[in-house]
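Asks: I have a structure I would like to understand better, so I am pasting it below and will then ask my questions one at a time.
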Amino acid sequence: MRRLFPVTDQTAPVTDQGVPGRDRTAPAADRTAPAADRTAPAGDRAVPVGDREWGLDELAEAYAYPVGEPTWLRANMVSTLDGAAQHDGRSQPISCDTDMRIFGTLRGLADAVVVGAETVRLEGYRPARAREAFAARRAAAGQTPAPAIAVVSASLDLDFSLPLFTSPLTPTLVVTGAAAPADRMDAARQAGAEVVIAGEGAAVAPERVAPALAERGLTRLLTEGGPRLLGQFVAAEALDELCLTVSPMLTAGDAQRIAGGPALVTPDRFVLTSLLEEAGFLFSRYRRS
């Protein structure tokens, strides 16, 4: 893997004889159809970086949440060159081992993973697991051993007998509106889930999700989709950061994009903050400008 941006080892000016200076590509010491099928991070093998290897600690430093923000909602998605977020309904065919490692790293840093109900239903979402590689870092940050899963749903049409609700390491959260069906909220609580209200009606107000979770001390947030939920966060201008893997593949067809729903009146501008590359895959980070 090599870091393409930011450039931390500047190239010396080229002389009149055309002799280049130092290689500007030298890495610094220091990255989504639903992404739920990327929930099993690859092993803890180190990632090659130039002529050496990056461990998980270095990946964690590269993807650390910004300091001093009251809440921070980042998304993690993968897309082909022609904009497909999945192939045959899954993101795994357009992913790679390094993408999976970054996926696992982002989970390892988050307080909570925010996911749409449809993704939970289609992908058979399971509780996040604790990873030894992140245990000391999470303990030092005052985090639970594993991130909580926060399921966004208006109808609460969910199977509360699933392990996601009955046996998570960290209690699962159900994010819904105040007017959601009372019997379904009761069923969620009886299964062991915590109900979080983020909207006055039955539907969830996307801009209220992060503040509602922050009231429970969950400020470092990660959303893995699906595209409908990500589109809602984008439309509400509630997304702070996008970690996007660009896969060097073409699929054609009519696969979903990473974000769905109505178009914004004016495109929302983000700024590139980091770009890594390996085997043609680009691992980018963009934040709100």
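All residue names refer to the structure tokens as shown: chains lettered A, B, ... in order, residues numbered from 1 in each chain, ligands numbered from 1 in order.
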Extract, using only C-alpha atoms, all DNA, RNA and protein residues at most 12 Å from region 233-235 of chain A, discarding same-chain residues fewer than 3 positions from it, and format them as a ChimeraX atom specification.
Replies: /A:73-75,114-116,152,204-210,222-230,238-242,258-270,288
Asks: Can you tell me, as a list in words, what residues are no more than 7 Å from Phe165 (chain A) when counting only C-alpha atoms, ignoring any on the same chain fewer than 4 positions away?
Replies: Phe160, Ser161, Thr172, Ala191, Gly192 and Ala193 of chain A
Asks: How close does each residue of region 92-187 of chain A get to region 195-201 of chain A, giving the shortest atom pair and distance in Å to one decimal for every residue with an atom at most 6 Å away, counting only C-alpha atoms, sorted by chain and residue number, as JSON lines?
Replies:
{"residue": "A:Leu173", "atom": "CA", "partner": "A:Val195", "partner_atom": "CA", "distance": 5.9}
{"residue": "A:Val174", "atom": "CA", "partner": "A:Val195", "partner_atom": "CA", "distance": 4.8}
{"residue": "A:Val175", "atom": "CA", "partner": "A:Val196", "partner_atom": "CA", "distance": 4.6}
{"residue": "A:Thr176", "atom": "CA", "partner": "A:Ile197", "partner_atom": "CA", "distance": 5.3}
{"residue": "A:Gly177", "atom": "CA", "partner": "A:Gly199", "partner_atom": "CA", "distance": 4.4}
{"residue": "A:Ala178", "atom": "CA", "partner": "A:Glu200", "partner_atom": "CA", "distance": 5.1}
{"residue": "A:Ala179", "atom": "CA", "partner": "A:Gly201", "partner_atom": "CA", "distance": 4.8}
Asks: Keeping only C-alpha atoms, write those residues as a CSV table (one decimal), in the first residue's frame.
Replies:
chain,number,residue,atom,x,y,z
A,173,LEU,CA,-29.9,0.0,19.9
A,174,VAL,CA,-33.1,0.5,17.9
A,175,VAL,CA,-33.4,4.1,16.6
A,176,THR,CA,-36.9,5.1,15.8
A,177,GLY,CA,-39.5,7.9,16.0
A,178,ALA,CA,-41.6,8.8,18.9
A,179,ALA,CA,-44.8,7.7,17.1
Asks: Got a sec: who's within 12 Å of Pro181 (chain A), counting only C-alpha atoms, leaving out chain neighbours fewer than 4 positions off, as a ChimeraX atom specification?
Replies: /A:153-157,176-177,185-188,195,201-203
Asks: Work out how far apart CA of Tyr63 (chain A) and CA of Glu277 (chain A) are and give it in Å to one decimal.
Replies: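 Going from CA of Tyr63 (chain A) over to CA of Glu277 (chain A) covers 14.8 Å.
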Asks: Looking only at strand (DSSP E) from DSSP on the backbone, list the matching residues of region 119-258 of chain A as a list in words.
Replies: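 Listing strand (DSSP E) positions across region 119-258 of chain A yields Ala148, Ile149, Ala150, Val151, Val152, Leu173, Val174, Val175, Thr176, Glu194, Val195, Val196, Ile197, Arg220, Leu221, Leu222, Thr223, Glu241, Leu242, Cys243, Leu244, Thr245, Val246 and Ser247 of chain A.
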Asks: Those residues you just picked out, can you put them in a file as a PDB file, in the first residue's frame with C-alpha atoms?
Replies:
ATOM      1  CA  ALA A 148     -22.952  -1.228  19.554  1.00  0.00           C
ATOM      2  CA  ILE A 149     -25.112  -1.845  16.493  1.00  0.00           C
ATOM      3  CA  ALA A 150     -27.754   0.884  16.079  1.00  0.00           C
ATOM      4  CA  VAL A 151     -30.603  -0.178  13.778  1.00  0.00           C
ATOM      5  CA  VAL A 152     -32.603   2.662  12.212  1.00  0.00           C
ATOM      6  CA  LEU A 173     -29.894   0.004  19.896  1.00  0.00           C
ATOM      7  CA  VAL A 174     -33.102   0.512  17.921  1.00  0.00           C
ATOM      8  CA  VAL A 175     -33.357   4.072  16.610  1.00  0.00           C
ATOM      9  CA  THR A 176     -36.912   5.089  15.758  1.00  0.00           C
ATOM     10  CA  GLU A 194     -32.391  -0.160  23.895  1.00  0.00           C
ATOM     11  CA  VAL A 195     -34.865   2.138  22.128  1.00  0.00           C
ATOM     12  CA  VAL A 196     -33.530   5.530  21.022  1.00  0.00           C
ATOM     13  CA  ILE A 197     -36.002   8.207  19.907  1.00  0.00           C
ATOM     14  CA  ARG A 220     -17.805   8.197  17.196  1.00  0.00           C
ATOM     15  CA  LEU A 221     -20.308   6.822  14.728  1.00  0.00           C
ATOM     16  CA  LEU A 222     -19.932   4.661  11.636  1.00  0.00           C
ATOM     17  CA  THR A 223     -22.659   3.903   9.107  1.00  0.00           C
ATOM     18  CA  GLU A 241     -17.068  11.934   6.507  1.00  0.00           C
ATOM     19  CA  LEU A 242     -17.085   9.346   3.730  1.00  0.00           C
ATOM     20  CA  CYS A 243     -14.544   6.521   3.606  1.00  0.00           C
ATOM     21  CA  LEU A 244     -14.912   5.239   0.059  1.00  0.00           C
ATOM     22  CA  THR A 245     -13.095   2.336  -1.530  1.00  0.00           C
ATOM     23  CA  VAL A 246     -12.949   2.683  -5.303  1.00  0.00           C
ATOM     24  CA  SER A 247     -12.669  -0.784  -6.798  1.00  0.00           C
TER      25      SER A 247
END
Asks: Between CA of Arg90 (chain A) and CA of Arg3 (chain A), what distance in Å does the model show, to one decimal?
Replies: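 If I compute the distance from CA of Arg90 (chain A) to CA of Arg3 (chain A), I get 28.0 Å.
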Asks: Could you please write out, as a PyMOL selection string, every residue of region 155-276 of chain A that DSSP assigns to helix (DSSP H, G or I)?
Replies: chain A and resi 163-166+182-191+206-214+227-235
Asks: Show me, as a ChimeraX atom specification, the residues that have an atom within 10 Å of Ala60 (chain A) when counting only C-alpha atoms, minus same-chain residues fewer than 5 positions from it.
Replies: /A:30-31,55,65,102,104-106,108-109,134,137
Asks: Show me, as a ChimeraX atom specification, the residues that have an atom within 7 Å of Thr170 (chain A) when counting only C-alpha atoms, minus same-chain residues fewer than 3 positions from it.
Replies: /A:144,146-148
Asks: With N, CA, C and O atoms retained, could you export that selection as a short mmCIF file (atom, residue, chain, number, x, y, z; two decimals), in the first residue's frame?
Replies:
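Produced file part.cif, reproduced below:
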data_model
loop_
_atom_site.label_atom_id
_atom_site.label_comp_id
_atom_site.auth_asym_id
_atom_site.auth_seq_id
_atom_site.Cartn_x
_atom_site.Cartn_y
_atom_site.Cartn_z
N THR A 144 -16.74 0.46 24.99
CA THR A 144 -17.09 -0.93 25.27
C THR A 144 -16.20 -1.84 24.44
O THR A 144 -15.59 -1.41 23.45
N ALA A 146 -16.77 -3.97 22.22
CA ALA A 146 -17.20 -4.00 20.82
C ALA A 146 -18.18 -2.86 20.59
O ALA A 146 -18.90 -2.46 21.52
N PRO A 147 -18.24 -2.32 19.39
CA PRO A 147 -19.20 -1.25 19.13
C PRO A 147 -20.64 -1.76 19.20
O PRO A 147 -20.92 -2.92 18.90
N ALA A 148 -21.53 -0.89 19.59
CA ALA A 148 -22.95 -1.23 19.55
C ALA A 148 -23.44 -1.15 18.11
O ALA A 148 -22.91 -0.38 17.31
#
